[in-house]
$ cat entry.txt   # compact mmCIF, C-alpha atoms
# COMPACT_ATOMS: atom_id res chain seq x y z
CA MET Y 116 1.10 -10.26 27.04
CA SER Y 117 -1.25 -8.85 24.41
CA ALA Y 118 -1.25 -10.25 20.89
CA ALA Y 119 -0.11 -6.89 19.53
CA ALA Y 120 2.84 -6.63 21.87
CA ALA Y 121 3.82 -10.24 21.27
CA CYS Y 122 4.06 -9.58 17.53
CA HIS Y 123 7.53 -8.16 18.09
CA ASP Y 124 8.83 -11.34 19.72
CA PHE Y 125 8.32 -14.05 17.09
CA SER Y 126 11.04 -15.05 14.63
CA GLY Y 127 9.63 -18.05 12.76
CA GLU Y 128 10.24 -19.04 9.15
CA PRO Y 129 7.77 -18.46 6.28
CA VAL Y 130 5.21 -21.21 5.88
CA GLY Y 131 3.96 -23.01 2.78
CA PRO Y 132 5.04 -23.59 -0.83
CA LEU Y 133 6.08 -20.73 -3.09
CA PRO Y 134 3.95 -20.40 -6.25
CA THR Y 135 4.60 -18.22 -9.27
CA VAL Y 136 5.47 -14.62 -8.41
CA ILE Y 137 2.50 -12.28 -8.94
CA ALA Y 138 4.13 -8.93 -8.11
CA ASP Y 139 7.44 -7.59 -6.85
CA LYS Y 140 7.21 -6.73 -3.15
CA ASP Y 141 9.36 -3.61 -3.25
CA LEU Y 142 7.40 -2.28 -6.22
CA VAL Y 143 4.09 -2.96 -4.49
CA ALA Y 144 5.20 -1.27 -1.26
CA ARG Y 145 6.48 1.81 -3.08
CA ALA Y 146 3.42 2.16 -5.30
CA PHE Y 147 0.94 1.96 -2.45
CA GLY Y 148 3.07 4.18 -0.24
CA ASN Y 149 3.20 6.83 -2.96
CA ALA Y 150 -0.60 6.64 -3.24
CA SER Y 151 -1.31 6.97 0.49
CA ALA Y 152 -2.51 10.58 0.09
CA THR Y 153 -4.92 9.81 -2.79
CA TYR Y 154 -6.00 6.28 -1.84
CA ASP Y 155 -9.09 7.08 0.24
CA GLY Y 156 -10.66 9.22 -2.46
CA ALA Y 157 -10.34 6.43 -5.03
CA SER Y 158 -11.19 3.36 -2.92
CA ARG Y 159 -14.78 2.69 -4.01
CA LEU Y 160 -14.21 -1.00 -4.65
CA GLN Y 161 -12.14 -1.44 -1.49
CA ARG Y 162 -14.89 0.01 0.69
CA LEU Y 163 -17.61 -1.98 -1.04
CA MET Y 164 -15.81 -5.28 -0.53
CA GLY Y 165 -14.67 -4.50 3.00
CA ASP Y 166 -18.17 -3.37 3.99
CA ALA Y 167 -19.50 -6.72 2.78
CA MET Y 168 -17.22 -8.46 5.29
CA LEU Y 169 -18.22 -6.14 8.12
CA ASP Y 170 -21.89 -6.77 7.30
CA ALA Y 171 -21.16 -10.48 7.84
CA TRP Y 172 -19.30 -9.87 11.12
CA PRO Y 173 -19.44 -13.22 12.99
CA TYR Y 174 -19.71 -11.80 16.52
CA PRO Y 175 -23.22 -10.44 17.04
CA GLY Y 176 -24.26 -8.50 20.09
CA GLY Y 177 -21.08 -6.40 20.32
CA GLN Y 178 -18.89 -9.15 21.75
CA GLY Y 179 -15.79 -7.55 23.25
CA GLY Y 180 -12.32 -8.70 24.17
CA LEU Y 181 -11.42 -9.73 20.64
CA ARG Y 182 -7.89 -9.76 19.29
CA ILE Y 183 -8.17 -8.53 15.69
CA LEU Y 184 -5.55 -8.38 12.93
CA ASP Y 185 -6.16 -6.04 9.99
CA LEU Y 186 -3.81 -7.60 7.45
CA GLY Y 187 -2.94 -5.23 4.60
CA CYS Y 188 -4.52 -2.29 6.39
CA GLY Y 189 -3.76 0.36 3.76
CA THR Y 190 -4.63 3.80 5.08
CA GLY Y 191 -6.47 2.31 8.05
CA TRP Y 192 -10.03 2.95 6.89
CA PHE Y 193 -11.21 -0.46 8.06
CA THR Y 194 -8.79 -0.49 10.99
CA HIS Y 195 -10.75 2.51 12.24
CA GLN Y 196 -14.06 0.74 11.60
CA LEU Y 197 -12.87 -2.32 13.52
CA ALA Y 198 -11.66 -0.11 16.37
CA GLN Y 199 -15.21 1.16 16.83
CA ARG Y 200 -16.21 -2.33 17.94
CA PRO Y 201 -15.62 -3.40 21.55
CA ALA Y 202 -12.30 -5.02 20.70
CA ALA Y 203 -9.59 -5.07 23.33
CA ASP Y 204 -6.63 -5.45 21.00
CA ILE Y 205 -6.24 -4.44 17.32
CA THR Y 206 -3.09 -4.81 15.24
CA ALA Y 207 -2.74 -3.25 11.77
CA VAL Y 208 -0.11 -4.61 9.36
CA ASP Y 209 0.97 -3.42 5.93
CA LEU Y 210 4.01 -3.95 3.73
CA SER Y 211 4.15 -0.23 2.91
CA PRO Y 212 5.65 2.17 5.48
CA GLY Y 213 3.69 4.98 3.84
CA MET Y 214 0.41 3.18 4.42
CA ILE Y 215 1.33 2.42 8.01
CA ARG Y 216 2.03 6.11 8.63
CA ALA Y 217 -1.41 6.94 7.21
CA THR Y 218 -3.01 4.32 9.45
CA GLN Y 219 -1.26 5.65 12.53
CA GLU Y 220 -2.49 9.15 11.77
CA ARG Y 221 -6.05 7.87 11.40
CA VAL Y 222 -6.33 5.56 14.41
CA GLY Y 223 -3.92 7.10 16.92
CA ALA Y 224 -2.15 5.28 19.72
CA GLY Y 225 -4.91 2.80 20.48
CA VAL Y 226 -3.90 0.44 17.66
CA THR Y 227 -0.55 -1.31 17.18
CA CYS Y 228 0.73 -0.66 13.63
CA LEU Y 229 3.45 -2.80 12.08
CA VAL Y 230 5.34 -2.74 8.78
CA ALA Y 231 5.57 -6.44 7.96
CA ASP Y 232 5.33 -9.00 5.16
CA ALA Y 233 2.06 -10.95 5.17
CA GLU Y 234 3.97 -14.06 4.10
CA ALA Y 235 6.06 -14.12 7.29
CA LEU Y 236 4.38 -12.19 10.08
CA PRO Y 237 6.28 -11.45 13.31
CA CYS Y 238 3.51 -12.77 15.56
CA PRO Y 239 3.22 -15.94 17.66
CA ASP Y 240 0.85 -18.79 16.92
CA ALA Y 241 -2.80 -18.40 17.92
CA SER Y 242 -2.46 -14.63 18.43
CA PHE Y 243 -5.82 -13.48 17.11
CA ASP Y 244 -9.54 -14.14 17.25
CA VAL Y 245 -10.14 -12.50 13.85
CA VAL Y 246 -7.92 -11.95 10.81
CA PHE Y 247 -9.50 -9.34 8.53
CA SER Y 248 -7.82 -8.78 5.15
CA ASN Y 249 -9.38 -6.66 2.42
CA LEU Y 250 -7.97 -6.78 -1.14
CA MET Y 251 -4.38 -7.50 -0.15
CA VAL Y 252 -3.53 -11.08 -0.99
CA GLN Y 253 -3.72 -10.57 -4.79
CA TRP Y 254 -0.54 -8.47 -4.54
CA CYS Y 255 1.45 -11.15 -2.68
CA GLU Y 256 4.21 -13.25 -4.20
CA ALA Y 257 3.11 -16.37 -2.31
CA PRO Y 258 -0.64 -16.44 -1.50
CA ASP Y 259 -0.21 -19.95 -0.03
CA ARG Y 260 2.10 -18.55 2.61
CA VAL Y 261 -0.36 -15.79 3.44
CA LEU Y 262 -3.20 -18.26 3.94
CA ALA Y 263 -0.93 -20.51 6.00
CA GLU Y 264 0.05 -17.52 8.15
CA CYS Y 265 -3.61 -16.68 8.69
CA ARG Y 266 -4.24 -20.26 9.79
CA ARG Y 267 -1.24 -20.16 12.12
CA LEU Y 268 -2.21 -16.86 13.71
CA LEU Y 269 -5.83 -17.73 14.44
CA ARG Y 270 -6.65 -19.22 17.80
CA PRO Y 271 -8.95 -22.28 17.89
CA GLY Y 272 -12.44 -20.99 17.15
CA GLY Y 273 -11.04 -17.91 15.39
CA ARG Y 274 -12.29 -16.46 12.11
CA LEU Y 275 -10.68 -15.43 8.84
CA MET Y 276 -12.43 -12.83 6.68
CA LEU Y 277 -10.49 -12.15 3.47
CA SER Y 278 -11.28 -10.63 0.09
CA THR Y 279 -9.36 -10.71 -3.18
CA LEU Y 280 -9.72 -10.25 -6.94
CA LEU Y 281 -9.75 -12.92 -9.61
CA ASP Y 282 -8.98 -13.41 -13.29
CA GLY Y 283 -11.37 -11.36 -15.40
CA THR Y 284 -10.86 -8.23 -13.33
CA LEU Y 285 -10.52 -5.21 -15.66
CA VAL Y 286 -11.13 -7.46 -18.65
CA GLU Y 287 -12.48 -4.53 -20.69
CA LEU Y 288 -9.33 -2.52 -20.09
CA ALA Y 289 -7.11 -5.49 -20.91
CA ARG Y 290 -8.91 -6.12 -24.21
CA ALA Y 291 -8.82 -2.45 -25.20
CA TRP Y 292 -5.08 -2.30 -24.57
CA ALA Y 293 -4.56 -5.57 -26.46
CA GLN Y 294 -5.98 -3.89 -29.56
CA ALA Y 295 -4.17 -0.58 -29.02
CA ASP Y 296 -0.79 -2.05 -28.05
CA PRO Y 297 -0.56 -5.71 -29.15
CA GLY Y 298 1.86 -7.91 -27.27
CA GLN Y 299 2.36 -5.47 -24.40
CA ALA Y 300 0.58 -6.15 -21.09
CA HIS Y 301 -1.04 -3.19 -19.34
CA VAL Y 302 -3.22 -4.91 -16.72
CA ASN Y 303 -2.14 -6.92 -13.69
CA ARG Y 304 -2.51 -10.69 -13.70
CA PHE Y 305 -5.00 -12.22 -11.25
CA GLU Y 306 -5.56 -15.77 -10.07
CA THR Y 307 -8.33 -17.88 -11.57
CA ALA Y 308 -11.29 -18.87 -9.43
CA SER Y 309 -10.45 -22.58 -9.75
CA SER Y 310 -6.85 -21.98 -8.69
CA LEU Y 311 -7.98 -19.95 -5.68
CA ARG Y 312 -10.42 -22.65 -4.62
CA ARG Y 313 -7.70 -25.31 -4.83
CA ARG Y 314 -5.32 -23.13 -2.84
CA VAL Y 315 -7.93 -22.42 -0.18
CA SER Y 316 -8.96 -26.07 0.14
CA GLN Y 317 -5.33 -27.04 0.73
CA GLN Y 318 -4.57 -24.34 3.30
CA LEU Y 319 -7.97 -23.80 4.94
CA PRO Y 320 -10.03 -27.02 4.90
CA GLY Y 321 -13.72 -26.26 5.10
CA ALA Y 322 -13.41 -22.61 4.10
CA THR Y 323 -16.10 -20.91 2.03
CA VAL Y 324 -15.26 -19.02 -1.18
CA THR Y 325 -17.94 -16.66 -2.51
CA THR Y 326 -17.55 -14.90 -5.85
CA GLN Y 327 -19.34 -12.01 -7.54
CA THR Y 328 -18.84 -9.81 -10.57
CA ILE Y 329 -18.90 -6.12 -9.63
CA LYS Y 330 -19.20 -3.45 -12.32
CA LEU Y 331 -18.25 0.11 -11.46
CA PRO Y 332 -19.04 3.10 -13.71
CA TYR Y 333 -16.52 5.68 -14.86
CA GLU Y 334 -16.79 8.80 -16.99
CA SER Y 335 -14.16 7.45 -19.38
CA PRO Y 336 -11.30 4.92 -19.61
CA LEU Y 337 -8.95 7.74 -18.57
CA THR Y 338 -10.97 8.20 -15.37
CA LEU Y 339 -10.57 4.49 -14.67
CA ALA Y 340 -6.82 4.71 -15.28
CA ALA Y 341 -6.59 7.71 -12.96
CA GLU Y 342 -8.43 5.85 -10.21
CA LEU Y 343 -6.06 2.90 -10.47
CA LYS Y 344 -3.10 5.27 -10.26
CA ASN Y 345 -4.56 7.04 -7.22
CA LEU Y 346 -4.98 3.65 -5.54
CA GLY Y 347 -1.42 2.61 -6.29
CA ALA Y 348 -2.98 -0.30 -8.19
CA GLY Y 349 -1.54 0.39 -11.62
CA PHE Y 350 0.18 -2.25 -13.70
CA LYS Y 351 3.05 -3.87 -11.78
CA SER Y 352 5.42 -6.04 -13.77
CA ASP Y 353 9.06 -6.14 -14.77
CA ASN Y 354 7.76 -6.29 -18.35
CA ARG Y 355 5.86 -2.99 -18.12
CA ARG Y 356 6.98 -0.08 -20.26
CA LYS Y 357 9.69 1.94 -18.53
CA THR Y 358 8.65 5.12 -20.37
CA LEU Y 359 5.31 6.90 -20.69
CA THR Y 360 2.90 5.21 -23.07
CA ALA Y 361 2.59 7.24 -26.28
CA PRO Y 362 -0.53 9.45 -26.39
CA ARG Y 363 -1.51 7.81 -29.68
CA ARG Y 364 -1.73 4.41 -27.99
CA VAL Y 365 -3.76 5.88 -25.12
CA ARG Y 366 -6.23 7.39 -27.59
CA GLN Y 367 -6.50 4.06 -29.39
CA MET Y 368 -7.15 2.28 -26.11
CA CYS Y 369 -9.96 4.72 -25.33
CA ARG Y 370 -11.51 4.13 -28.76
CA HIS Y 371 -11.43 0.36 -28.30
CA TYR Y 372 -12.85 0.44 -24.76
CA PRO Y 373 -16.50 -0.73 -24.91
CA LYS Y 374 -19.31 1.63 -23.97
CA ALA Y 375 -22.41 0.71 -21.98
CA ALA Y 376 -25.85 1.35 -23.46
CA ASP Y 377 -26.07 4.65 -21.59
CA GLY Y 378 -22.65 5.73 -22.86
CA ARG Y 379 -20.80 5.16 -19.62
CA THR Y 380 -17.53 3.30 -19.17
CA LEU Y 381 -17.94 0.19 -17.04
CA ALA Y 382 -15.12 -1.81 -15.46
CA SER Y 383 -15.56 -5.39 -14.26
CA TYR Y 384 -14.05 -6.65 -11.02
CA GLU Y 385 -14.20 -10.38 -10.25
CA ALA Y 386 -14.52 -10.32 -6.48
CA ALA Y 387 -13.96 -13.21 -4.09
CA TRP Y 388 -14.49 -13.47 -0.35
CA ILE Y 389 -12.95 -16.23 1.78
CA THR Y 390 -14.38 -17.05 5.20
CA TRP Y 391 -12.96 -19.70 7.50
CA HIS Y 392 -13.69 -20.78 11.05
CA ARG Y 393 -10.72 -22.49 12.66
CA PRO Y 394 -11.99 -25.59 14.47
CA ALA Y 395 -11.94 -25.31 18.22
$ encode --input "entry.txt" --output "structure tokens"
Amino acid sequence: MSAAAACHDFSGEPVGPLPTVIADKDLVARAFGNASATYDGASRLQRLMGDAMLDAWPYPGGQGGLRILDLGCGTGWFTHQLAQRPAADITAVDLSPGMIRATQERVGAGVTCLVADAEALPCPDASFDVVFSNLMVQWCEAPDRVLAECRRLLRPGGRLMLSTLLDGTLVELARAWAQADPGQAHVNRFETASSLRRRVSQQLPGATVTTQTIKLPYESPLTLAAELKNLGAGFKSDNRRKTLTAPRRVRQMCRHYPKAADGRTLASYEAAWITWHRPA
């Protein structure tokens, strides 16, 4: 039985301890599903970070017969890239039904697409040679469970390639909003680098964590906000404002947002890549 087909036959329990909730699952699924039509046009950071993992692909020479899981596949951009490799079996998983529909439209019948929770995947142990996950885990309620699931799903000798974002991401936007709207959060919370390293060392002994600050240019803070909205990556919290932010506050945020020397708006993203080779 293929790994993709077997994914429908497993009914295990979630693995690992439950840390502090980062985002509500239903809210995340709805937001990304609603953005499925605009996501590709706004996914500069997503492509940059995913391309970095493909550039480090651990199977040179076009090795075939691989069982690959694209975990948090989004619209299937990287699912399609992975399908161009001589892989016998690719499975794409996302929490959002809207994203899974977009992936199915992009890749066709050659890839198995599943709506599933990354914290409790319906797949048997040692199902995959590669788990590829690009900018997904930062939206999960229990990152420990996700990493434990990745460990469980990899066969001996298998590889994990995962990217995420860390504390300090969108720091300029957060500071501008703090001056324009004191006491009200407007930017999502991200894990610190030290916390991520501790989490990874507990779940994936011997894994490598690489970090980098990426700065992307925008015409204005409003352009940045529009890109986040088009990605479905806007602020997600029960404490967010339930009504539209007053235009006065938006204008104040724009005034407080720092400008680069050339007048552009720059946004910082604290990127992290996790690579792990499961011992044979």
$ closest_residue --input "entry.txt" --among "Y:Pro239, Y:Pro336, Y:Gly191, Y:Gly272" --to "Cys369 (chain Y)" --atoms "only C-alpha atoms"
Y:Pro336
$ closest_residue --input "entry.txt" --among "Y:Arg162, Y:Lys374, Y:His301, Y:Arg274" --to "Leu184 (chain Y)" --atoms "only C-alpha atoms"
Y:Arg274
$ residues_around --input "entry.txt" --residues "Glu334 (chain Y)" --least-positions-apart "2" --cutoff "8 Å" --atoms "all atoms listed in the file" --output "list in words"
Pro332, Pro336, Thr338, Leu339, Arg379 and Thr380 of chain Y
$ residues_around --input "entry.txt" --residues "His392 (chain Y)" --least-positions-apart "6" --cutoff "9 Å" --atoms "all atoms listed in the file" --output "ChimeraX atom specification"
/Y:271-275,319,321-322
$ residues_near_point --input "entry.txt" --point "(-1.3, -2.6, -16.4)" --cutoff "6 Å" --atoms "all atoms listed in the file" --output "PyMOL selection string"
chain Y and resi 301-303+349-350
$ write_last_selection --input "entry.txt" --atoms "C-alpha atoms" --output "tab-separated table (two decimals), in the coordinates of the input"
chain	number	residue	atom	x	y	z
Y	301	HIS	CA	-1.04	-3.19	-19.34
Y	302	VAL	CA	-3.22	-4.91	-16.72
Y	303	ASN	CA	-2.14	-6.92	-13.69
Y	349	GLY	CA	-1.54	0.39	-11.62
Y	350	PHE	CA	0.18	-2.25	-13.70
$ atom_distance --input "entry.txt" --atom1 "CA of Gly180 (chain Y)" --atom2 "CA of Val315 (chain Y)"
28.3 Å
$ atom_distance --input "entry.txt" --atom1 "CA of Met168 (chain Y)" --atom2 "CA of Met276 (chain Y)"
6.6 Å
$ residues_around --input "entry.txt" --residues "Cys188 (chain Y)" --least-positions-apart "4" --cutoff "6 Å" --atoms "only C-alpha atoms" --output "list in words"
Ala207, Val208 and Asp209 of chain Y
$ atom_distance --input "entry.txt" --atom1 "CA of Ala386 (chain Y)" --atom2 "CA of Ser242 (chain Y)"
28.0 Å
$ residues_near_point --input "entry.txt" --point "(-10.3, -6.2, -31.1)" --cutoff "12 Å" --atoms "all atoms listed in the file" --output "PyMOL selection string"
chain Y and resi 287-297+367-368+370-373
